[in-house]
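K.L.:
Enclosed is the structure file query_29.cif (mmCIF, C-alpha atoms).
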data_upload
loop_
_atom_site.label_atom_id
_atom_site.label_comp_id
_atom_site.auth_asym_id
_atom_site.auth_seq_id
_atom_site.Cartn_x
_atom_site.Cartn_y
_atom_site.Cartn_z
CA MET A 1 -28.47 -54.37 19.55
CA MET A 2 -26.95 -52.13 16.95
CA ASP A 3 -28.33 -48.66 16.73
CA PHE A 4 -29.47 -48.26 13.10
CA LYS A 5 -29.82 -44.50 13.55
CA LEU A 6 -26.00 -44.36 13.65
CA VAL A 7 -25.22 -47.03 11.05
CA ILE A 8 -27.22 -45.57 8.18
CA PRO A 9 -25.60 -42.08 8.16
CA LEU A 10 -22.14 -43.67 8.59
CA ALA A 11 -22.69 -46.02 5.63
CA SER A 12 -23.98 -43.28 3.39
CA SER A 13 -21.05 -41.11 4.38
CA LEU A 14 -18.59 -43.83 3.34
CA LEU A 15 -20.41 -44.33 0.04
CA ALA A 16 -20.38 -40.63 -0.61
CA THR A 17 -16.64 -40.42 0.03
CA GLY A 18 -16.06 -43.17 -2.51
CA ALA A 19 -18.20 -41.46 -5.10
CA PHE A 20 -16.12 -38.26 -4.99
CA GLY A 21 -12.69 -39.85 -5.07
CA SER A 22 -11.37 -37.45 -7.72
CA THR A 23 -11.89 -33.72 -8.01
CA GLU A 24 -11.51 -31.39 -10.95
CA ILE A 25 -10.06 -27.93 -10.78
CA ILE A 26 -11.45 -25.78 -13.54
CA GLY A 27 -9.95 -22.51 -14.59
CA SER A 28 -10.19 -20.13 -17.49
CA VAL A 29 -8.27 -17.08 -18.61
CA ASP A 30 -10.41 -14.14 -19.66
CA SER A 31 -9.29 -10.90 -21.15
CA LYS A 32 -8.95 -8.18 -18.59
CA CYS A 33 -7.44 -4.71 -18.33
CA ILE A 34 -6.26 -3.22 -15.07
CA ILE A 35 -5.12 0.38 -14.72
CA VAL A 36 -2.69 0.89 -11.89
CA SER A 37 -1.86 4.40 -10.71
CA GLU A 38 1.72 3.84 -9.58
CA THR A 39 2.90 7.42 -9.03
CA PRO A 40 0.40 10.30 -8.80
CA GLY A 41 2.86 12.99 -9.88
CA VAL A 42 3.71 16.39 -8.44
CA TYR A 43 4.31 19.78 -10.03
CA GLY A 44 7.54 21.56 -9.28
CA ASN A 45 7.68 25.35 -9.44
CA PRO A 46 11.14 26.19 -10.86
CA ASN A 47 10.04 29.63 -12.10
CA PRO A 48 7.24 31.86 -10.77
CA TYR A 49 5.38 31.48 -14.09
CA GLN A 50 5.83 27.73 -14.49
CA LEU A 51 4.60 24.45 -13.02
CA THR A 52 6.26 21.33 -14.34
CA THR A 53 6.54 17.64 -13.53
CA ALA A 54 10.19 17.61 -14.67
CA PRO A 55 12.28 15.96 -11.91
CA SER A 56 15.12 18.43 -12.55
CA SER A 57 12.70 21.19 -11.51
CA GLY A 58 11.45 19.51 -8.37
CA GLY A 59 8.53 17.74 -9.98
CA VAL A 60 7.52 14.09 -10.12
CA LYS A 61 6.20 12.54 -13.32
CA PRO A 62 3.03 10.47 -12.95
CA ILE A 63 3.44 6.80 -13.84
CA ILE A 64 0.54 4.60 -14.90
CA ARG A 65 0.75 0.85 -15.40
CA TYR A 66 -1.56 -1.08 -17.68
CA ASP A 67 -1.89 -4.83 -17.15
CA VAL A 68 -3.58 -6.84 -19.90
CA LEU A 69 -4.04 -10.57 -19.63
CA VAL A 70 -4.71 -11.24 -23.30
CA ALA A 71 -3.12 -9.45 -26.27
CA ASP A 72 -5.08 -7.44 -28.86
CA TYR A 73 -8.17 -6.90 -26.72
CA TYR A 74 -7.61 -3.35 -25.47
CA LYS A 75 -6.16 0.04 -26.30
CA ALA A 76 -4.80 2.51 -23.78
CA VAL A 77 -5.71 6.18 -24.15
CA ILE A 78 -3.84 8.60 -21.91
CA ASP A 79 -4.53 12.34 -21.84
CA HIS A 80 -2.02 14.74 -20.37
CA PRO A 81 -3.65 17.73 -18.61
CA GLU A 82 -4.89 20.77 -20.49
CA GLU A 83 -6.47 22.59 -17.58
CA PHE A 84 -6.39 22.80 -13.82
CA THR A 85 -9.24 21.05 -12.07
CA SER A 86 -8.67 23.32 -9.10
CA SER A 87 -6.55 26.43 -8.74
CA PRO A 88 -6.71 30.00 -7.47
CA THR A 89 -8.46 32.44 -9.83
CA LEU A 90 -6.37 32.90 -12.97
CA ASP A 91 -6.91 35.95 -15.18
CA ASP A 92 -4.43 35.10 -17.93
CA VAL A 93 -3.89 32.28 -20.39
CA VAL A 94 -2.13 29.08 -19.32
CA THR A 95 -0.12 27.36 -22.03
CA TRP A 96 0.00 23.59 -21.61
CA THR A 97 2.53 21.17 -22.99
CA GLY A 98 2.91 17.51 -22.21
CA ASP A 99 3.79 14.07 -23.45
CA VAL A 100 3.26 10.38 -22.72
CA THR A 101 5.98 7.80 -23.23
CA VAL A 102 6.46 4.13 -22.50
CA SER A 103 9.00 3.98 -19.69
CA GLU A 104 9.10 0.27 -18.88
CA VAL A 105 7.77 -2.96 -20.36
CA SER A 106 7.38 -6.53 -19.15
CA ASP A 107 7.87 -7.92 -22.67
CA THR A 108 10.43 -6.73 -25.21
CA ASN A 109 7.79 -7.00 -27.96
CA MET A 110 6.19 -3.89 -26.46
CA SER A 111 9.23 -1.79 -27.38
CA ASP A 112 7.55 -0.38 -30.52
CA TYR A 113 4.50 0.93 -28.65
CA ASP A 114 5.84 4.50 -28.72
CA THR A 115 6.57 4.31 -32.46
CA ASN A 116 3.08 3.02 -33.24
CA LYS A 117 1.11 5.29 -30.95
CA VAL A 118 -1.50 7.69 -32.35
CA GLU A 119 -1.54 11.26 -31.04
CA TYR A 120 -4.38 13.76 -31.30
CA ASN A 121 -4.90 16.90 -29.22
CA ASN A 122 -3.61 15.93 -25.77
CA SER A 123 -4.44 12.22 -26.21
CA HIS A 124 -1.95 9.39 -26.75
CA GLU A 125 -3.44 6.13 -27.98
CA TYR A 126 -1.63 2.79 -27.75
CA GLU A 127 -2.91 -0.56 -28.98
CA LEU A 128 -1.99 -3.14 -26.38
CA THR A 129 -0.90 -5.87 -28.76
CA VAL A 130 1.15 -7.85 -26.25
CA SER A 131 -0.07 -9.31 -22.97
CA GLY A 132 1.70 -8.16 -19.82
CA SER A 133 2.46 -4.88 -18.08
CA THR A 134 3.37 -1.54 -19.64
CA TRP A 135 4.41 1.52 -17.66
CA PHE A 136 3.58 4.93 -19.13
CA THR A 137 5.20 8.13 -17.87
CA VAL A 138 3.38 11.41 -18.32
CA SER A 139 5.04 14.80 -18.43
CA SER A 140 3.17 18.06 -18.06
CA THR A 141 4.13 21.74 -17.99
CA ALA A 142 1.93 24.78 -17.47
CA ASP A 143 3.23 28.26 -18.33
CA TYR A 144 1.23 31.21 -17.13
CA GLY A 145 0.71 34.27 -19.32
CA SER A 146 3.86 35.82 -20.67
CA THR A 147 6.14 34.82 -17.80
CA LYS A 148 3.54 36.02 -15.31
CA SER A 149 3.71 34.71 -11.74
CA PHE A 150 1.18 32.08 -10.76
CA PRO A 151 -0.90 33.25 -7.79
CA ALA A 152 -0.11 31.42 -4.55
CA GLY A 153 -2.31 28.41 -3.77
CA GLN A 154 -2.98 24.77 -4.55
CA TYR A 155 -3.06 23.63 -8.17
CA THR A 156 -4.52 20.33 -9.32
CA ALA A 157 -4.47 18.87 -12.81
CA VAL A 158 -5.73 15.45 -13.84
CA VAL A 159 -4.15 12.82 -16.07
CA GLU A 160 -6.85 10.66 -17.65
CA ALA A 161 -6.02 7.02 -18.24
CA GLU A 162 -8.54 4.93 -20.18
CA CYS A 163 -8.64 1.28 -21.18
CA ILE A 164 -10.97 0.66 -24.12
CA PRO A 165 -11.78 -2.76 -25.63
CA LEU A 166 -11.02 -3.05 -29.35
CA MET B 1 21.38 -17.74 -6.29
CA TYR B 2 21.62 -14.02 -5.53
CA SER B 3 20.12 -13.20 -8.94
CA ALA B 4 17.20 -15.61 -8.37
CA LEU B 5 16.55 -14.00 -4.99
CA LYS B 6 16.65 -10.55 -6.54
CA ARG B 7 14.17 -11.64 -9.23
CA PHE B 8 11.86 -13.10 -6.56
CA LEU B 9 12.03 -9.90 -4.52
CA LEU B 10 11.30 -7.79 -7.60
CA PHE B 11 8.33 -10.00 -8.50
CA PHE B 12 7.10 -9.92 -4.89
CA LEU B 13 7.34 -6.14 -4.73
CA LEU B 14 5.53 -5.82 -8.06
CA VAL B 15 2.72 -8.12 -6.97
CA ALA B 16 2.52 -6.65 -3.49
CA SER B 17 2.55 -3.04 -4.56
CA GLY B 18 0.70 -3.31 -7.87
CA PRO B 19 -2.90 -3.79 -6.82
CA ALA B 20 -2.62 -0.94 -4.32
CA MET B 21 -3.92 1.54 -6.89
CA ALA B 22 -5.75 -0.56 -9.48
CA HIS B 23 -9.10 -0.30 -11.23
CA GLU B 24 -10.67 -3.23 -13.07
CA LEU B 25 -13.90 -3.95 -14.93
CA ILE B 26 -14.96 -7.34 -16.28
CA PRO B 27 -16.00 -8.90 -18.58
CA THR B 28 -14.39 -7.29 -21.62
CA TYR B 29 -17.35 -8.18 -23.84
CA PRO B 30 -20.61 -8.48 -21.86
CA LYS B 31 -23.79 -9.58 -23.63
CA LEU B 32 -27.13 -7.81 -23.66
CA GLU B 33 -30.04 -10.05 -22.71
CA GLN B 34 -33.77 -9.59 -22.59
CA SER B 35 -34.78 -8.39 -19.13
CA TYR B 36 -38.01 -9.15 -17.31
CA VAL B 37 -39.41 -5.91 -18.78
CA PRO B 38 -40.51 -6.01 -22.45
CA ASN B 39 -38.30 -4.00 -24.83
CA VAL B 40 -35.61 -3.56 -22.22
CA TYR B 41 -32.25 -5.30 -22.35
CA GLN B 42 -30.02 -5.91 -19.39
CA THR B 43 -26.42 -6.83 -18.76
CA LYS B 44 -24.11 -7.13 -15.81
CA VAL B 45 -20.49 -6.08 -15.29
CA LYS B 46 -18.30 -6.44 -12.25
CA MET B 47 -15.94 -3.80 -10.91
CA TRP B 48 -13.06 -4.07 -8.49
CA ASN B 49 -11.62 -1.06 -6.69
CA GLY B 50 -7.95 -1.51 -5.90
CA ARG B 51 -7.35 2.23 -5.69
CA ILE B 52 -6.86 3.30 -2.12
CA ASP B 53 -7.07 6.95 -3.22
CA VAL B 54 -10.51 6.64 -4.85
CA GLU B 55 -13.85 5.83 -3.20
CA TYR B 56 -16.37 6.96 -5.78
CA TYR B 57 -16.93 5.74 -9.33
CA LYS B 58 -19.36 6.69 -12.07
CA VAL B 59 -21.04 4.42 -14.62
CA GLU B 60 -21.10 5.70 -18.19
CA VAL B 61 -22.95 4.05 -21.10
CA THR B 62 -22.28 5.28 -24.62
CA ASP B 63 -22.69 4.38 -28.28
CA SER B 64 -19.77 3.68 -30.62
CA GLU B 65 -19.18 7.45 -31.08
CA TRP B 66 -19.02 7.98 -27.30
CA ASN B 67 -22.40 9.72 -27.19
CA PRO B 68 -24.27 9.04 -23.92
CA VAL B 69 -27.03 6.46 -24.09
CA PRO B 70 -29.94 6.51 -21.61
CA PHE B 71 -29.72 3.68 -19.12
CA ILE B 72 -30.88 2.64 -15.70
CA THR B 73 -28.72 1.24 -12.97
CA ASN B 74 -28.93 1.12 -9.23
CA GLU B 75 -26.63 4.12 -8.70
CA GLN B 76 -24.82 5.99 -11.48
CA ILE B 77 -22.32 7.35 -8.98
CA PHE B 78 -21.54 4.85 -6.29
CA ARG B 79 -19.18 4.40 -3.40
CA LEU B 80 -16.87 1.42 -3.51
CA GLU B 81 -14.45 0.81 -0.68
CA TYR B 82 -10.84 -0.14 -1.31
CA MET B 83 -10.47 -3.80 -2.36
CA GLU B 84 -14.23 -4.29 -2.73
CA ARG B 85 -16.11 -5.66 -5.73
CA ARG B 86 -19.47 -4.58 -7.06
CA ASP B 87 -21.89 -6.11 -9.53
CA ILE B 88 -23.36 -3.43 -11.75
CA GLU B 89 -26.63 -4.24 -13.49
CA ILE B 90 -27.51 -2.05 -16.43
CA PHE B 91 -30.86 -1.77 -18.21
CA VAL B 92 -31.19 -0.11 -21.61
CA PRO B 93 -34.04 0.24 -24.12
CA SER B 94 -33.82 -2.50 -26.75
CA SER B 95 -33.79 0.20 -29.46
CA SER B 96 -30.61 1.87 -28.12
CA LYS B 97 -27.23 1.34 -29.73
CA VAL B 98 -25.09 0.61 -26.70
CA THR B 99 -21.41 -0.05 -27.35
CA TYR B 100 -19.41 0.92 -24.28
CA ILE B 101 -20.09 0.50 -20.58
CA CYS B 102 -17.44 2.26 -18.53
CA THR B 103 -16.63 3.06 -14.94
CA ARG B 104 -14.68 6.23 -14.25
CA SER B 105 -12.97 7.16 -11.01
CA MET B 106 -14.32 10.29 -9.37
CA LEU B 107 -11.72 12.51 -7.77
CA GLU B 108 -12.68 14.45 -4.72
CA LYS B 109 -12.37 18.21 -4.67
CA GLY B 110 -9.65 19.37 -2.34
CA ASN B 111 -7.51 16.30 -2.94
CA PRO B 112 -4.12 17.25 -1.50
CA GLN B 113 -2.24 15.79 -4.51
CA LYS B 114 -1.13 18.42 -6.99
CA SER B 115 -1.54 16.04 -9.93
CA VAL B 116 -3.92 13.11 -9.86
CA ILE B 117 -4.78 10.25 -12.17
CA SER B 118 -8.32 9.59 -13.29
CA SER B 119 -8.89 6.04 -14.51
CA LYS B 120 -11.62 4.79 -16.82
CA VAL B 121 -12.05 1.15 -17.81
CA CYS B 122 -14.65 0.07 -20.35
CA SER B 123 -16.42 -3.06 -21.50
CA LYS B 124 -17.71 -3.36 -25.05
CA ILE B 125 -20.98 -4.77 -26.37
CA LYS B 126 -20.17 -6.42 -29.69
#
How does this structure look as structure tokens?

P.N.:
Amino acid sequence: MMDFKLVIPLASSLLATGAFGSTEIIGSVDSKCIIVSETPGVYGNPNPYQLTTAPSSGGVKPIIRYDVLVADYYKAVIDHPEEFTSSPTLDDVVTWTGDVTVSEVSDTNMSDYDTNKVEYNNSHEYELTVSGSTWFTVSSTADYGSTKSFPAGQYTAVVEAECIPL
Amino acid sequence: MYSALKRFLLFFLLVASGPAMAHELIPTYPKLEQSYVPNVYQTKVKMWNGRIDVEYYKVEVTDSEWNPVPFITNEQIFRLEYMERRDIEIFVPSSSKVTYICTRSMLEKGNPQKSVISSKVCSKIK
């Protein structure tokens, strides 16, 4: 005598397998911006009154990578530092200079990003008109007083990297 | 052959090292919808923390001129472990002119790095 308790689930399992003979894989590409902090950067101290990210002076320039999946959806805004976020007490003026440049691109069509960038105050604004990766290098120099020596201690300055939808 | 191998290695290194310090917010253009509370809209964004050097992020909601807009969310400053994702639900009054929803990395005081990078990624309500 056949056990129907076993036959019924087996039959329905076979039917179910037949019903799902083909499977779809569905995917979509959405716009997306990813900011990647590749190199944090370090200040060198070539002169007592100066901190600089220049490699020739013992510094390391911060490098930030922007990845965009779809062109014309985002702009990158990068601010080089204009103040220390932490430092010993300073009683004189610090003069800040800095710049942001495109150092590497994944697509040759990005080569005019530097030409087309908009600068205001310490901000550098780039429209990301090509999909792919763009590497931005930031330089920063802080001069203290009129060639006055920086007090000993730890100094921290922040580079702000923003990705804003258009 | 050597050139193909070099290209593969370069691609591998880029992919392997890239997400180590990344910050992402999706979708680019979220939509405001009526919430279960009258006169309050809600939307949801999703954040991914690929920055091993950052554990805390802050939610910012602004109008088109970058003026802060009042909003409610679970935690305005939240902890997000490396490689974790978080759904962020945001509630705003229906009368408010919300344009940007952003997450900004919070840098800890006493960070040993002498220069650090703060990242901010935004979504836009169109």

K.L.:
Taking (-20.8, 4.0, -8.3) in the file's coordinates, which residues come within 6 Å, counting all atoms listed in the file, written as a list in words?

P.N.:
Tyr56, Tyr57, Lys58, Glu75, Gln76, Ile77, Phe78 and Arg79 of chain B

K.L.:
With all atoms listed in the file as the atoms that count, which of A:Tyr49, A:Ser140, A:Val130, A:Val60 lies nearest to A:Met110?

P.N.:
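For A:Met110, the nearest of the given residues is A:Val130.
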
K.L.:
State, in Å with one decimal place, the distance from atom CA of A:Asp112 to atom CA of A:Val77.

P.N.:
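These atoms are spaced 16.1 Å apart.
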
K.L.:
Once the PyMOL selection byres ((chain B and resi 23-28) around 6) is applied to the coordinates I shared, what remains selected? I want it as a PyMOL selection string.

P.N.:
(chain A and resi 34-35) or (chain B and resi 22+29-30+45-50+123)

K.L.:
Selection in question (the file shown): the PyMOL selection byres ((chain A and resi 102) around 10). Which residues does it include, as a PDB file with C-alpha atoms, keeping the file's coordinate frame?

P.N.:
ATOM      1  CA  ILE A  63       3.440   6.800 -13.840  1.00  0.00           C
ATOM      2  CA  ILE A  64       0.540   4.600 -14.900  1.00  0.00           C
ATOM      3  CA  ARG A  65       0.750   0.850 -15.400  1.00  0.00           C
ATOM      4  CA  VAL A 100       3.260  10.380 -22.720  1.00  0.00           C
ATOM      5  CA  THR A 101       5.980   7.800 -23.230  1.00  0.00           C
ATOM      6  CA  SER A 103       9.000   3.980 -19.690  1.00  0.00           C
ATOM      7  CA  GLU A 104       9.100   0.270 -18.880  1.00  0.00           C
ATOM      8  CA  VAL A 105       7.770  -2.960 -20.360  1.00  0.00           C
ATOM      9  CA  MET A 110       6.190  -3.890 -26.460  1.00  0.00           C
ATOM     10  CA  SER A 111       9.230  -1.790 -27.380  1.00  0.00           C
ATOM     11  CA  ASP A 112       7.550  -0.380 -30.520  1.00  0.00           C
ATOM     12  CA  TYR A 113       4.500   0.930 -28.650  1.00  0.00           C
ATOM     13  CA  ASP A 114       5.840   4.500 -28.720  1.00  0.00           C
ATOM     14  CA  THR A 115       6.570   4.310 -32.460  1.00  0.00           C
ATOM     15  CA  TYR A 126      -1.630   2.790 -27.750  1.00  0.00           C
ATOM     16  CA  THR A 134       3.370  -1.540 -19.640  1.00  0.00           C
ATOM     17  CA  TRP A 135       4.410   1.520 -17.660  1.00  0.00           C
ATOM     18  CA  PHE A 136       3.580   4.930 -19.130  1.00  0.00           C
ATOM     19  CA  THR A 137       5.200   8.130 -17.870  1.00  0.00           C
ATOM     20  CA  VAL A 138       3.380  11.410 -18.320  1.00  0.00           C
TER      21      VAL A 138
END

K.L.:
Write out as a PDB file with C-alpha atoms, in the coordinates of the input the residues lying within 9 Å of A:Ala157, counting only C-alpha atoms and excluding same-chain residues fewer than 2 positions away.

P.N.:
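So selection01.pdb came out as:
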ATOM      1  CA  HIS A  80      -2.020  14.740 -20.370  1.00  0.00           C
ATOM      2  CA  PRO A  81      -3.650  17.730 -18.610  1.00  0.00           C
ATOM      3  CA  GLU A  82      -4.890  20.770 -20.490  1.00  0.00           C
ATOM      4  CA  GLU A  83      -6.470  22.590 -17.580  1.00  0.00           C
ATOM      5  CA  PHE A  84      -6.390  22.800 -13.820  1.00  0.00           C
ATOM      6  CA  THR A  85      -9.240  21.050 -12.070  1.00  0.00           C
ATOM      7  CA  SER A  86      -8.670  23.320  -9.100  1.00  0.00           C
ATOM      8  CA  SER A  87      -6.550  26.430  -8.740  1.00  0.00           C
ATOM      9  CA  TYR A 155      -3.060  23.630  -8.170  1.00  0.00           C
ATOM     10  CA  VAL A 159      -4.150  12.820 -16.070  1.00  0.00           C
TER      11      VAL A 159
ATOM     12  CA  LYS B 114      -1.130  18.420  -6.990  1.00  0.00           C
ATOM     13  CA  SER B 115      -1.540  16.040  -9.930  1.00  0.00           C
ATOM     14  CA  VAL B 116      -3.920  13.110  -9.860  1.00  0.00           C
ATOM     15  CA  ILE B 117      -4.780  10.250 -12.170  1.00  0.00           C
TER      16      ILE B 117
END

K.L.:
Wanna dump the chain A-chain B contacts at 7 Å for me, each residue with its shortest atom pair and the distance in Å to one decimal, counting only C-alpha atoms, ordered by chain and number, as JSON lines?

P.N.:
{"residue": "A:Ser31", "atom": "CA", "partner": "B:Thr28", "partner_atom": "CA", "distance": 6.3}
{"residue": "A:Lys32", "atom": "CA", "partner": "B:Thr28", "partner_atom": "CA", "distance": 6.3}
{"residue": "A:Cys33", "atom": "CA", "partner": "B:Glu24", "partner_atom": "CA", "distance": 6.3}
{"residue": "A:Ile34", "atom": "CA", "partner": "B:Glu24", "partner_atom": "CA", "distance": 4.8}
{"residue": "A:Ile35", "atom": "CA", "partner": "B:His23", "partner_atom": "CA", "distance": 5.3}
{"residue": "A:Val36", "atom": "CA", "partner": "B:Ala22", "partner_atom": "CA", "distance": 4.2}
{"residue": "A:Ser37", "atom": "CA", "partner": "B:Met21", "partner_atom": "CA", "distance": 5.2}
{"residue": "A:Glu38", "atom": "CA", "partner": "B:Met21", "partner_atom": "CA", "distance": 6.7}
{"residue": "A:Pro40", "atom": "CA", "partner": "B:Val116", "partner_atom": "CA", "distance": 5.3}
{"residue": "A:Gly41", "atom": "CA", "partner": "B:Ser115", "partner_atom": "CA", "distance": 5.4}
{"residue": "A:Val42", "atom": "CA", "partner": "B:Lys114", "partner_atom": "CA", "distance": 5.4}
{"residue": "A:Tyr43", "atom": "CA", "partner": "B:Lys114", "partner_atom": "CA", "distance": 6.4}
{"residue": "A:Tyr155", "atom": "CA", "partner": "B:Lys114", "partner_atom": "CA", "distance": 5.7}
{"residue": "A:Thr156", "atom": "CA", "partner": "B:Lys114", "partner_atom": "CA", "distance": 4.5}
{"residue": "A:Ala157", "atom": "CA", "partner": "B:Ser115", "partner_atom": "CA", "distance": 5.0}
{"residue": "A:Val158", "atom": "CA", "partner": "B:Val116", "partner_atom": "CA", "distance": 5.0}
{"residue": "A:Val159", "atom": "CA", "partner": "B:Ile117", "partner_atom": "CA", "distance": 4.7}
{"residue": "A:Glu160", "atom": "CA", "partner": "B:Ser118", "partner_atom": "CA", "distance": 4.7}
{"residue": "A:Ala161", "atom": "CA", "partner": "B:Ser119", "partner_atom": "CA", "distance": 4.8}
{"residue": "A:Glu162", "atom": "CA", "partner": "B:Lys120", "partner_atom": "CA", "distance": 4.6}
{"residue": "A:Cys163", "atom": "CA", "partner": "B:Val121", "partner_atom": "CA", "distance": 4.8}
{"residue": "A:Ile164", "atom": "CA", "partner": "B:Cys122", "partner_atom": "CA", "distance": 5.3}
{"residue": "A:Pro165", "atom": "CA", "partner": "B:Lys124", "partner_atom": "CA", "distance": 6.0}

K.L.:
Could you work out an axis-aligned box for stretch 78-95 of chain B, taking every atom the file lists and adding 4 Å on each side, and report centre and edge lengths in Å to one decimal, as lines of an AutoDock Vina configuration file?

P.N.:
center_x = -22.3
center_y = -0.6
center_z = -15.1
size_x = 31.6
size_y = 19.0
size_z = 36.8

K.L.:
Please compute the atom CA of B:Thr99-atom CA of B:Val61 distance, one decimal, in Å.

P.N.:
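Taking atom CA of B:Thr99 as the start and atom CA of B:Val61 as the end point, the length is 7.6 Å.
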
K.L.:
Using all atoms listed in the file, give me every residue within 6 Å of (-2.6, -0.6, -24.2) in file coordinates, as a ChimeraX atom specification.

P.N.:
/A:74-76,126-128

K.L.:
Just the number, please: distance in Å from atom CA of B:Val54 to atom CA of A:Lys61, one decimal.

P.N.:
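Atom-to-atom, atom CA of B:Val54 and atom CA of A:Lys61 are spaced 19.6 Å apart.
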